[in-house]
file start_23.cif (mmCIF, C-alpha atoms)
data_upload
loop_
_atom_site.label_atom_id
_atom_site.label_comp_id
_atom_site.auth_asym_id
_atom_site.auth_seq_id
_atom_site.Cartn_x
_atom_site.Cartn_y
_atom_site.Cartn_z
CA MET A 588 17.45 7.33 36.41
CA GLU A 589 19.33 4.14 35.60
CA ARG A 590 19.49 2.73 32.08
CA HIS A 591 17.46 -0.41 32.78
CA LYS A 592 14.61 1.70 34.18
CA ILE A 593 14.60 3.97 31.13
CA ILE A 594 14.54 0.94 28.81
CA GLU A 595 11.70 -0.56 30.85
CA LEU A 596 9.66 2.64 30.66
CA MET A 597 10.19 2.87 26.91
CA GLY A 598 8.85 -0.66 26.63
CA GLN A 599 5.78 0.20 28.69
CA LEU A 600 5.16 3.26 26.50
CA LYS A 601 5.60 1.10 23.36
CA LEU A 602 8.51 3.24 22.15
CA ALA A 603 10.24 0.38 20.35
CA GLY A 604 12.17 2.66 18.02
CA MET A 605 13.63 4.70 20.86
CA ARG A 606 14.33 1.57 22.85
CA SER A 607 16.29 -0.13 20.09
CA ALA A 608 18.27 3.03 19.26
CA TYR A 609 18.84 4.17 22.85
CA ASP A 610 22.32 2.78 23.51
CA GLU A 611 23.73 3.81 20.14
CA VAL A 612 22.28 7.33 20.25
CA ILE A 613 23.23 8.00 23.86
CA THR A 614 26.76 6.62 23.49
CA ALA A 615 27.44 8.57 20.30
CA GLY A 616 25.88 11.73 21.71
CA LEU A 617 27.89 11.67 24.91
CA ARG A 618 31.11 10.87 23.06
CA ALA A 619 30.58 13.81 20.69
CA GLN A 620 29.34 16.04 23.53
CA HIS A 621 26.09 16.81 21.72
CA PRO A 622 23.56 18.99 23.55
CA VAL A 623 20.71 17.12 25.19
CA GLN A 624 18.21 18.59 22.69
CA ARG A 625 20.05 16.95 19.80
CA ILE A 626 20.18 13.59 21.57
CA ILE A 627 16.46 13.71 22.34
CA GLY A 628 15.78 14.75 18.74
CA GLU A 629 17.70 11.73 17.41
CA LEU A 630 15.73 9.42 19.69
CA LEU A 631 12.48 10.95 18.43
CA LEU A 632 13.58 10.49 14.82
CA ALA A 633 14.38 6.85 15.55
CA GLN A 634 10.87 6.40 16.98
CA LEU A 635 9.29 8.13 14.00
CA ALA A 636 11.18 5.89 11.57
CA ASP A 637 10.05 2.81 13.50
CA ASN A 638 6.42 3.98 13.49
CA ARG A 639 6.52 4.52 9.74
CA ALA A 640 8.13 1.15 9.07
CA ARG A 641 5.53 -0.66 11.17
CA SER A 642 2.69 1.23 9.50
CA THR A 643 4.03 0.40 6.06
CA ALA A 644 4.46 -3.27 6.96
CA TYR A 645 0.88 -3.41 8.26
CA ARG A 646 -0.55 -1.79 5.12
CA MET A 647 1.52 -4.14 2.93
CA GLY A 648 -0.09 -7.06 4.75
CA VAL A 649 -3.58 -5.59 4.32
CA ALA A 650 -2.93 -5.09 0.58
CA ARG A 651 -2.51 -8.87 0.14
CA PHE A 652 -0.21 -8.79 -2.85
CA PRO A 653 0.29 -12.37 -4.09
CA VAL A 654 4.04 -11.74 -4.42
CA MET A 655 6.18 -8.66 -3.89
CA LYS A 656 7.45 -6.90 -7.00
CA ASN A 657 9.27 -3.63 -7.54
CA LEU A 658 9.95 -1.55 -10.61
CA ALA A 659 13.73 -1.89 -10.30
CA GLU A 660 13.35 -5.59 -11.17
CA PHE A 661 11.25 -4.94 -14.27
CA ASP A 662 13.05 -5.27 -17.62
CA PHE A 663 11.58 -2.61 -19.87
CA SER A 664 13.77 -3.77 -22.77
CA VAL A 665 11.76 -6.98 -23.22
CA SER A 666 8.26 -5.63 -22.56
CA PRO A 667 6.25 -3.47 -24.98
CA VAL A 668 5.15 -0.91 -22.43
CA ASN A 669 5.36 2.85 -22.17
CA GLN A 670 8.22 3.20 -19.68
CA GLY A 671 7.65 6.88 -19.00
CA LEU A 672 3.97 6.36 -18.23
CA VAL A 673 4.69 3.36 -16.00
CA ARG A 674 7.18 5.41 -13.98
CA GLU A 675 4.65 8.22 -13.72
CA LEU A 676 2.00 5.81 -12.41
CA HIS A 677 4.59 4.39 -10.01
CA GLU A 678 4.79 7.79 -8.31
CA GLY A 679 1.07 7.49 -7.47
CA GLY A 680 -0.05 10.93 -8.61
CA PHE A 681 -3.16 9.45 -10.20
CA LEU A 682 -4.53 8.77 -6.70
CA ALA A 683 -4.73 12.47 -5.88
CA THR A 684 -6.69 13.13 -9.08
CA GLN A 685 -8.89 10.06 -8.47
CA ARG A 686 -8.27 8.57 -11.89
CA ASN A 687 -8.28 4.94 -12.99
CA ALA A 688 -5.30 3.18 -14.56
CA VAL A 689 -5.99 0.35 -17.01
CA LEU A 690 -3.14 -2.01 -17.91
CA ILE A 691 -3.78 -3.76 -21.23
CA GLY A 692 -1.49 -6.27 -22.89
CA GLY A 693 -0.93 -9.86 -23.84
CA THR A 694 0.35 -12.68 -21.66
CA GLY A 695 3.88 -12.08 -20.41
CA THR A 696 3.95 -8.32 -21.03
CA GLY A 697 4.36 -7.59 -17.33
CA LYS A 698 0.92 -6.31 -16.33
CA SER A 699 0.89 -8.12 -12.97
CA HIS A 700 4.48 -7.16 -12.15
CA VAL A 701 3.86 -3.50 -12.93
CA SER A 702 0.51 -3.31 -11.14
CA ILE A 703 1.97 -4.85 -7.98
CA ALA A 704 5.01 -2.58 -8.14
CA ILE A 705 2.77 0.49 -8.51
CA GLY A 706 0.52 -0.64 -5.66
CA ALA A 707 3.43 -1.44 -3.34
CA ASN A 708 5.02 1.94 -3.94
CA CYS A 709 1.70 3.64 -3.21
CA VAL A 710 1.66 1.74 0.10
CA ARG A 711 5.18 2.98 0.88
CA ASN A 712 3.96 6.52 0.24
CA GLY A 713 1.15 6.11 2.75
CA ALA A 714 -1.78 4.86 0.65
CA ARG A 715 -4.22 2.12 1.63
CA VAL A 716 -4.21 -0.47 -1.14
CA ARG A 717 -6.03 -3.76 -1.76
CA PHE A 718 -5.18 -6.33 -4.43
CA PHE A 719 -7.67 -8.81 -5.91
CA THR A 720 -7.93 -11.09 -8.87
CA ALA A 721 -11.31 -10.69 -10.56
CA VAL A 722 -12.26 -14.24 -9.58
CA ASP A 723 -11.39 -13.67 -5.90
CA LEU A 724 -13.35 -10.43 -5.77
CA VAL A 725 -16.46 -11.89 -7.38
CA ASN A 726 -16.29 -14.97 -5.14
CA GLN A 727 -16.12 -12.78 -2.03
CA LEU A 728 -19.01 -10.60 -3.20
CA GLU A 729 -21.12 -13.66 -3.98
CA ALA A 730 -20.29 -15.18 -0.58
CA GLU A 731 -21.46 -11.97 1.11
CA ALA A 732 -24.70 -12.03 -0.85
CA ARG A 733 -25.38 -15.68 0.05
CA ALA A 734 -24.74 -14.87 3.71
CA GLY A 735 -27.24 -12.03 3.54
CA LYS A 736 -24.55 -9.44 4.27
CA PRO A 737 -23.96 -7.62 0.98
CA GLY A 738 -21.98 -4.38 0.98
CA ARG A 739 -19.45 -5.11 3.72
CA LEU A 740 -16.52 -5.53 1.38
CA ALA A 741 -17.59 -2.52 -0.68
CA ASP A 742 -17.65 -0.40 2.47
CA GLN A 743 -14.12 -1.57 3.35
CA LEU A 744 -12.85 -0.74 -0.12
CA LEU A 745 -14.41 2.72 -0.03
CA ARG A 746 -12.14 3.52 2.91
CA GLY A 747 -9.06 2.69 0.86
CA ASP A 748 -7.13 4.69 -1.72
CA LEU A 749 -6.46 2.10 -4.44
CA VAL A 750 -7.98 -1.22 -5.49
CA THR A 751 -5.95 -3.30 -7.95
CA LEU A 752 -8.08 -5.76 -9.92
CA ALA A 753 -6.09 -8.34 -11.87
CA GLU A 754 -6.87 -11.08 -14.38
CA LEU A 755 -10.11 -9.64 -15.69
CA GLY A 756 -9.67 -11.74 -18.80
CA TYR A 757 -9.92 -14.97 -16.83
CA LEU A 758 -13.38 -14.34 -15.41
CA GLU A 759 -15.48 -16.80 -17.41
CA GLY A 760 -19.18 -17.51 -17.19
CA LYS A 761 -19.91 -14.39 -15.12
CA ASN A 762 -22.06 -11.42 -15.99
CA VAL A 763 -20.41 -8.96 -13.66
CA ALA A 764 -21.61 -5.44 -12.94
CA ILE A 765 -19.06 -3.79 -10.68
CA GLU A 766 -20.70 -1.06 -8.62
CA TYR A 767 -19.42 1.83 -6.59
CA ARG A 768 -20.90 4.21 -4.05
CA ASP A 769 -20.48 7.91 -4.57
CA ALA A 770 -19.92 10.59 -1.95
CA ASN A 771 -23.65 10.88 -1.32
CA GLY A 772 -23.99 7.18 -0.54
CA ILE A 773 -25.71 6.40 -3.85
CA TYR A 774 -24.73 3.17 -5.58
CA ASP A 775 -24.15 3.25 -9.32
CA ARG A 776 -22.40 1.28 -12.02
CA LEU A 777 -18.66 1.78 -12.36
CA PRO A 778 -18.16 4.37 -15.12
CA HIS A 779 -16.04 3.70 -18.15
CA PHE A 780 -12.32 3.66 -17.49
CA ALA A 781 -11.71 7.17 -18.78
CA ALA A 782 -8.45 7.74 -17.15
CA ILE A 783 -4.94 6.73 -17.98
CA PRO A 784 -4.32 4.56 -21.04
CA TYR A 785 -1.46 2.14 -20.61
CA GLY A 786 -0.32 -0.41 -23.13
CA ARG A 787 1.91 -0.97 -26.05
CA ARG A 788 4.39 1.51 -27.41
#
call {"tool": "encode", "arguments": {"input": "start_23.cif", "output": "structure tokens"}}
result
Amino acid sequence: MERHKIIELMGQLKLAGMRSAYDEVITAGLRAQHPVQRIIGELLLAQLADNRARSTAYRMGVARFPVMKNLAEFDFSVSPVNQGLVRELHEGGFLATQRNAVLIGGTGTGKSHVSIAIGANCVRNGARVRFFTAVDLVNQLEAEARAGKPGRLADQLLRGDLVTLAELGYLEGKNVAIEYRDANGIYDRLPHFAAIPYGRR
């Protein structure tokens, strides 16, 4: 089969990773006289890498981070935070144990930077994450209630792995009771944040 036909078929099968890597992999494989199994394996790995990159990009978009931050950019020397604990949270192990993380500190201590960096790394590791400010979340919940369609956003969030709620201190004039639904479908008030303390050294 000629090259242009192979490329066309890869396009029809939506194998973008294989398609983009095809010439390089085939040329290098033939030059090095690699067995056909190795060449096919390298094409499959290229497709897998493309699938993962596209999935990560999609989940990053769904997360709706206001800006992108990473931990490498964070200057621990000027922020009074527990560096070891932040790095532990960054690995995302608290998701598997279903624990909450509460970031407490004054203005400029890096809470938003760290929370976004943690969330973004969880996305890279395969988690489904959603970022809100408290005001945005309450406004969306109130809009649902006014439209007579309460619970839709809650149902969406229950299908995720992590919800990051920022700027709780700026929610003025609201008596907010955040609720959750347990595994049996019963709604209840969000329990006390009993999980992972995070704050000043």
call {"tool": "residues_around", "arguments": {"input": "start_23.cif", "residues": "Gly747 of chain A", "least_positions_apart": "6", "cutoff": "8 Å", "atoms": "all atoms listed in the file", "output": "number ranges by chain"}}
result
A: 714-717
call {"tool": "closest_residue", "arguments": {"input": "start_23.cif", "among": "A:Ser642, A:Thr720, A:Thr614, A:Asn708", "to": "Arg674 of chain A", "atoms": "all atoms listed in the file"}}
result
A:Asn708
call {"tool": "closest_residue", "arguments": {"input": "start_23.cif", "among": "A:Leu617, A:Cys709, A:Met647, A:Val750", "to": "Leu676 of chain A", "atoms": "all atoms listed in the file"}}
result
A:Cys709
call {"tool": "closest_residue", "arguments": {"input": "start_23.cif", "among": "A:Thr751, A:Ser664, A:Gln634, A:Gln727", "to": "Val689 of chain A", "atoms": "only C-alpha atoms"}}
result
A:Thr751
call {"tool": "residues_around", "arguments": {"input": "start_23.cif", "residues": "Asp637 of chain A", "least_positions_apart": "6", "cutoff": "12 Å", "atoms": "all atoms listed in the file", "output": "VMD selection string"}}
result
chain A and resid 601 to 608 630 to 631 643 to 644
call {"tool": "atom_distance", "arguments": {"input": "start_23.cif", "atom1": "atom CA of Gly735 of chain A", "atom2": "atom CA of Leu755 of chain A"}}
result
25.9 Å
call {"tool": "atom_distance", "arguments": {"input": "start_23.cif", "atom1": "atom CA of Gln743 of chain A", "atom2": "atom CA of Leu728 of chain A"}}
result
12.2 Å
call {"tool": "decode", "arguments": {"input": "start_23.cif", "residues": "segment 674-708 of chain A", "atoms": "N, CA, C and O atoms", "output": "JSON list (two decimals), in the first residue's frame"}}
result
[["chain", "number", "residue", "atom", "x", "y", "z"],
["A", 674, "ARG", "N", 4.18, 19.98, 48.59],
["A", 674, "ARG", "CA", 4.67, 19.03, 47.59],
["A", 674, "ARG", "C", 3.93, 17.69, 47.71],
["A", 674, "ARG", "O", 3.69, 17.02, 46.70],
["A", 675, "GLU", "N", 3.58, 17.31, 48.92],
["A", 675, "GLU", "CA", 2.81, 16.08, 49.10],
["A", 675, "GLU", "C", 1.42, 16.22, 48.47],
["A", 675, "GLU", "O", 0.94, 15.31, 47.78],
["A", 676, "LEU", "N", 0.77, 17.36, 48.70],
["A", 676, "LEU", "CA", -0.54, 17.61, 48.10],
["A", 676, "LEU", "C", -0.44, 17.64, 46.58],
["A", 676, "LEU", "O", -1.34, 17.19, 45.87],
["A", 677, "HIS", "N", 0.66, 18.18, 46.09],
["A", 677, "HIS", "CA", 0.88, 18.30, 44.65],
["A", 677, "HIS", "C", 0.87, 16.93, 43.97],
["A", 677, "HIS", "O", 0.48, 16.82, 42.80],
["A", 678, "GLU", "N", 1.28, 15.90, 44.69],
["A", 678, "GLU", "CA", 1.28, 14.55, 44.13],
["A", 678, "GLU", "C", -0.13, 13.98, 44.00],
["A", 678, "GLU", "O", -0.36, 13.02, 43.27],
["A", 679, "GLY", "N", -1.09, 14.56, 44.73],
["A", 679, "GLY", "CA", -2.50, 14.18, 44.57],
["A", 679, "GLY", "C", -2.94, 12.95, 45.34],
["A", 679, "GLY", "O", -4.05, 12.45, 45.11],
["A", 680, "GLY", "N", -2.13, 12.48, 46.28],
["A", 680, "GLY", "CA", -2.50, 11.29, 47.03],
["A", 680, "GLY", "C", -3.76, 11.47, 47.86],
["A", 680, "GLY", "O", -4.46, 10.50, 48.15],
["A", 681, "PHE", "N", -4.06, 12.71, 48.24],
["A", 681, "PHE", "CA", -5.25, 12.95, 49.06],
["A", 681, "PHE", "C", -6.54, 12.63, 48.31],
["A", 681, "PHE", "O", -7.59, 12.43, 48.93],
["A", 682, "LEU", "N", -6.49, 12.55, 46.98],
["A", 682, "LEU", "CA", -7.69, 12.20, 46.22],
["A", 682, "LEU", "C", -8.07, 10.74, 46.47],
["A", 682, "LEU", "O", -9.26, 10.41, 46.62],
["A", 683, "ALA", "N", -7.08, 9.87, 46.51],
["A", 683, "ALA", "CA", -7.35, 8.45, 46.71],
["A", 683, "ALA", "C", -7.96, 8.18, 48.08],
["A", 683, "ALA", "O", -8.78, 7.27, 48.24],
["A", 684, "THR", "N", -7.58, 8.99, 49.07],
["A", 684, "THR", "CA", -8.12, 8.81, 50.42],
["A", 684, "THR", "C", -9.35, 9.66, 50.66],
["A", 684, "THR", "O", -9.90, 9.66, 51.76],
["A", 685, "GLN", "N", -9.78, 10.41, 49.64],
["A", 685, "GLN", "CA", -10.98, 11.23, 49.69],
["A", 685, "GLN", "C", -10.96, 12.19, 50.87],
["A", 685, "GLN", "O", -11.90, 12.27, 51.66],
["A", 686, "ARG", "N", -9.86, 12.93, 50.97],
["A", 686, "ARG", "CA", -9.72, 13.90, 52.04],
["A", 686, "ARG", "C", -9.73, 15.30, 51.47],
["A", 686, "ARG", "O", -9.39, 15.52, 50.31],
["A", 687, "ASN", "N", -10.13, 16.27, 52.29],
["A", 687, "ASN", "CA", -10.15, 17.67, 51.89],
["A", 687, "ASN", "C", -8.82, 18.33, 52.21],
["A", 687, "ASN", "O", -8.14, 17.95, 53.16],
["A", 688, "ALA", "N", -8.46, 19.34, 51.44],
["A", 688, "ALA", "CA", -7.28, 20.14, 51.71],
["A", 688, "ALA", "C", -7.74, 21.59, 51.86],
["A", 688, "ALA", "O", -8.41, 22.12, 50.97],
["A", 689, "VAL", "N", -7.39, 22.22, 52.97],
["A", 689, "VAL", "CA", -7.79, 23.59, 53.23],
["A", 689, "VAL", "C", -6.55, 24.46, 53.26],
["A", 689, "VAL", "O", -5.64, 24.23, 54.06],
["A", 690, "LEU", "N", -6.50, 25.46, 52.41],
["A", 690, "LEU", "CA", -5.36, 26.37, 52.33],
["A", 690, "LEU", "C", -5.73, 27.67, 53.03],
["A", 690, "LEU", "O", -6.64, 28.38, 52.59],
["A", 691, "ILE", "N", -5.04, 27.97, 54.12],
["A", 691, "ILE", "CA", -5.36, 29.13, 54.94],
["A", 691, "ILE", "C", -4.14, 30.04, 55.00],
["A", 691, "ILE", "O", -3.03, 29.59, 55.28],
["A", 692, "GLY", "N", -4.35, 31.33, 54.76],
["A", 692, "GLY", "CA", -3.25, 32.28, 54.85],
["A", 692, "GLY", "C", -3.68, 33.65, 54.44],
["A", 692, "GLY", "O", -4.77, 33.84, 53.87],
["A", 693, "GLY", "N", -2.87, 34.62, 54.72],
["A", 693, "GLY", "CA", -3.19, 36.00, 54.39],
["A", 693, "GLY", "C", -3.02, 36.28, 52.90],
["A", 693, "GLY", "O", -2.58, 35.43, 52.13],
["A", 694, "THR", "N", -3.36, 37.51, 52.53],
["A", 694, "THR", "CA", -3.21, 37.95, 51.14],
["A", 694, "THR", "C", -1.75, 37.88, 50.72],
["A", 694, "THR", "O", -0.86, 38.30, 51.45],
["A", 695, "GLY", "N", -1.50, 37.32, 49.54],
["A", 695, "GLY", "CA", -0.15, 37.27, 49.00],
["A", 695, "GLY", "C", 0.69, 36.11, 49.48],
["A", 695, "GLY", "O", 1.89, 36.04, 49.19],
["A", 696, "THR", "N", 0.08, 35.16, 50.21],
["A", 696, "THR", "CA", 0.87, 34.01, 50.69],
["A", 696, "THR", "C", 0.94, 32.88, 49.67],
["A", 696, "THR", "O", 1.63, 31.89, 49.90],
["A", 697, "GLY", "N", 0.20, 33.01, 48.57],
["A", 697, "GLY", "CA", 0.33, 32.03, 47.49],
["A", 697, "GLY", "C", -0.74, 30.96, 47.46],
["A", 697, "GLY", "O", -0.58, 29.94, 46.79],
["A", 698, "LYS", "N", -1.86, 31.19, 48.15],
["A", 698, "LYS", "CA", -2.91, 30.16, 48.19],
["A", 698, "LYS", "C", -3.44, 29.84, 46.79],
["A", 698, "LYS", "O", -3.59, 28.67, 46.43],
["A", 699, "SER", "N", -3.74, 30.87, 46.00],
["A", 699, "SER", "CA", -4.30, 30.63, 44.67],
["A", 699, "SER", "C", -3.29, 29.93, 43.78],
["A", 699, "SER", "O", -3.62, 28.98, 43.05],
["A", 700, "HIS", "N", -2.03, 30.39, 43.82],
["A", 700, "HIS", "CA", -0.98, 29.78, 43.00],
["A", 700, "HIS", "C", -0.86, 28.29, 43.34],
["A", 700, "HIS", "O", -0.86, 27.43, 42.44],
["A", 701, "VAL", "N", -0.77, 28.00, 44.62],
["A", 701, "VAL", "CA", -0.57, 26.61, 45.04],
["A", 701, "VAL", "C", -1.79, 25.75, 44.70],
["A", 701, "VAL", "O", -1.64, 24.62, 44.21],
["A", 702, "SER", "N", -3.00, 26.28, 44.94],
["A", 702, "SER", "CA", -4.19, 25.47, 44.66],
["A", 702, "SER", "C", -4.33, 25.17, 43.18],
["A", 702, "SER", "O", -4.72, 24.05, 42.80],
["A", 703, "ILE", "N", -4.00, 26.14, 42.33],
["A", 703, "ILE", "CA", -4.07, 25.89, 40.88],
["A", 703, "ILE", "C", -2.99, 24.89, 40.46],
["A", 703, "ILE", "O", -3.24, 23.99, 39.66],
["A", 704, "ALA", "N", -1.79, 25.05, 41.02],
["A", 704, "ALA", "CA", -0.70, 24.13, 40.68],
["A", 704, "ALA", "C", -1.05, 22.70, 41.09],
["A", 704, "ALA", "O", -0.80, 21.74, 40.34],
["A", 705, "ILE", "N", -1.65, 22.53, 42.27],
["A", 705, "ILE", "CA", -2.05, 21.21, 42.73],
["A", 705, "ILE", "C", -3.13, 20.65, 41.81],
["A", 705, "ILE", "O", -3.07, 19.50, 41.36],
["A", 706, "GLY", "N", -4.14, 21.47, 41.50],
["A", 706, "GLY", "CA", -5.22, 21.02, 40.63],
["A", 706, "GLY", "C", -4.74, 20.63, 39.25],
["A", 706, "GLY", "O", -5.14, 19.61, 38.69],
["A", 707, "ALA", "N", -3.86, 21.46, 38.68],
["A", 707, "ALA", "CA", -3.35, 21.20, 37.33],
["A", 707, "ALA", "C", -2.54, 19.91, 37.29],
["A", 707, "ALA", "O", -2.62, 19.13, 36.33],
["A", 708, "ASN", "N", -1.76, 19.65, 38.35],
["A", 708, "ASN", "CA", -0.98, 18.42, 38.36],
["A", 708, "ASN", "C", -1.89, 17.20, 38.53],
["A", 708, "ASN", "O", -1.62, 16.13, 37.96]]
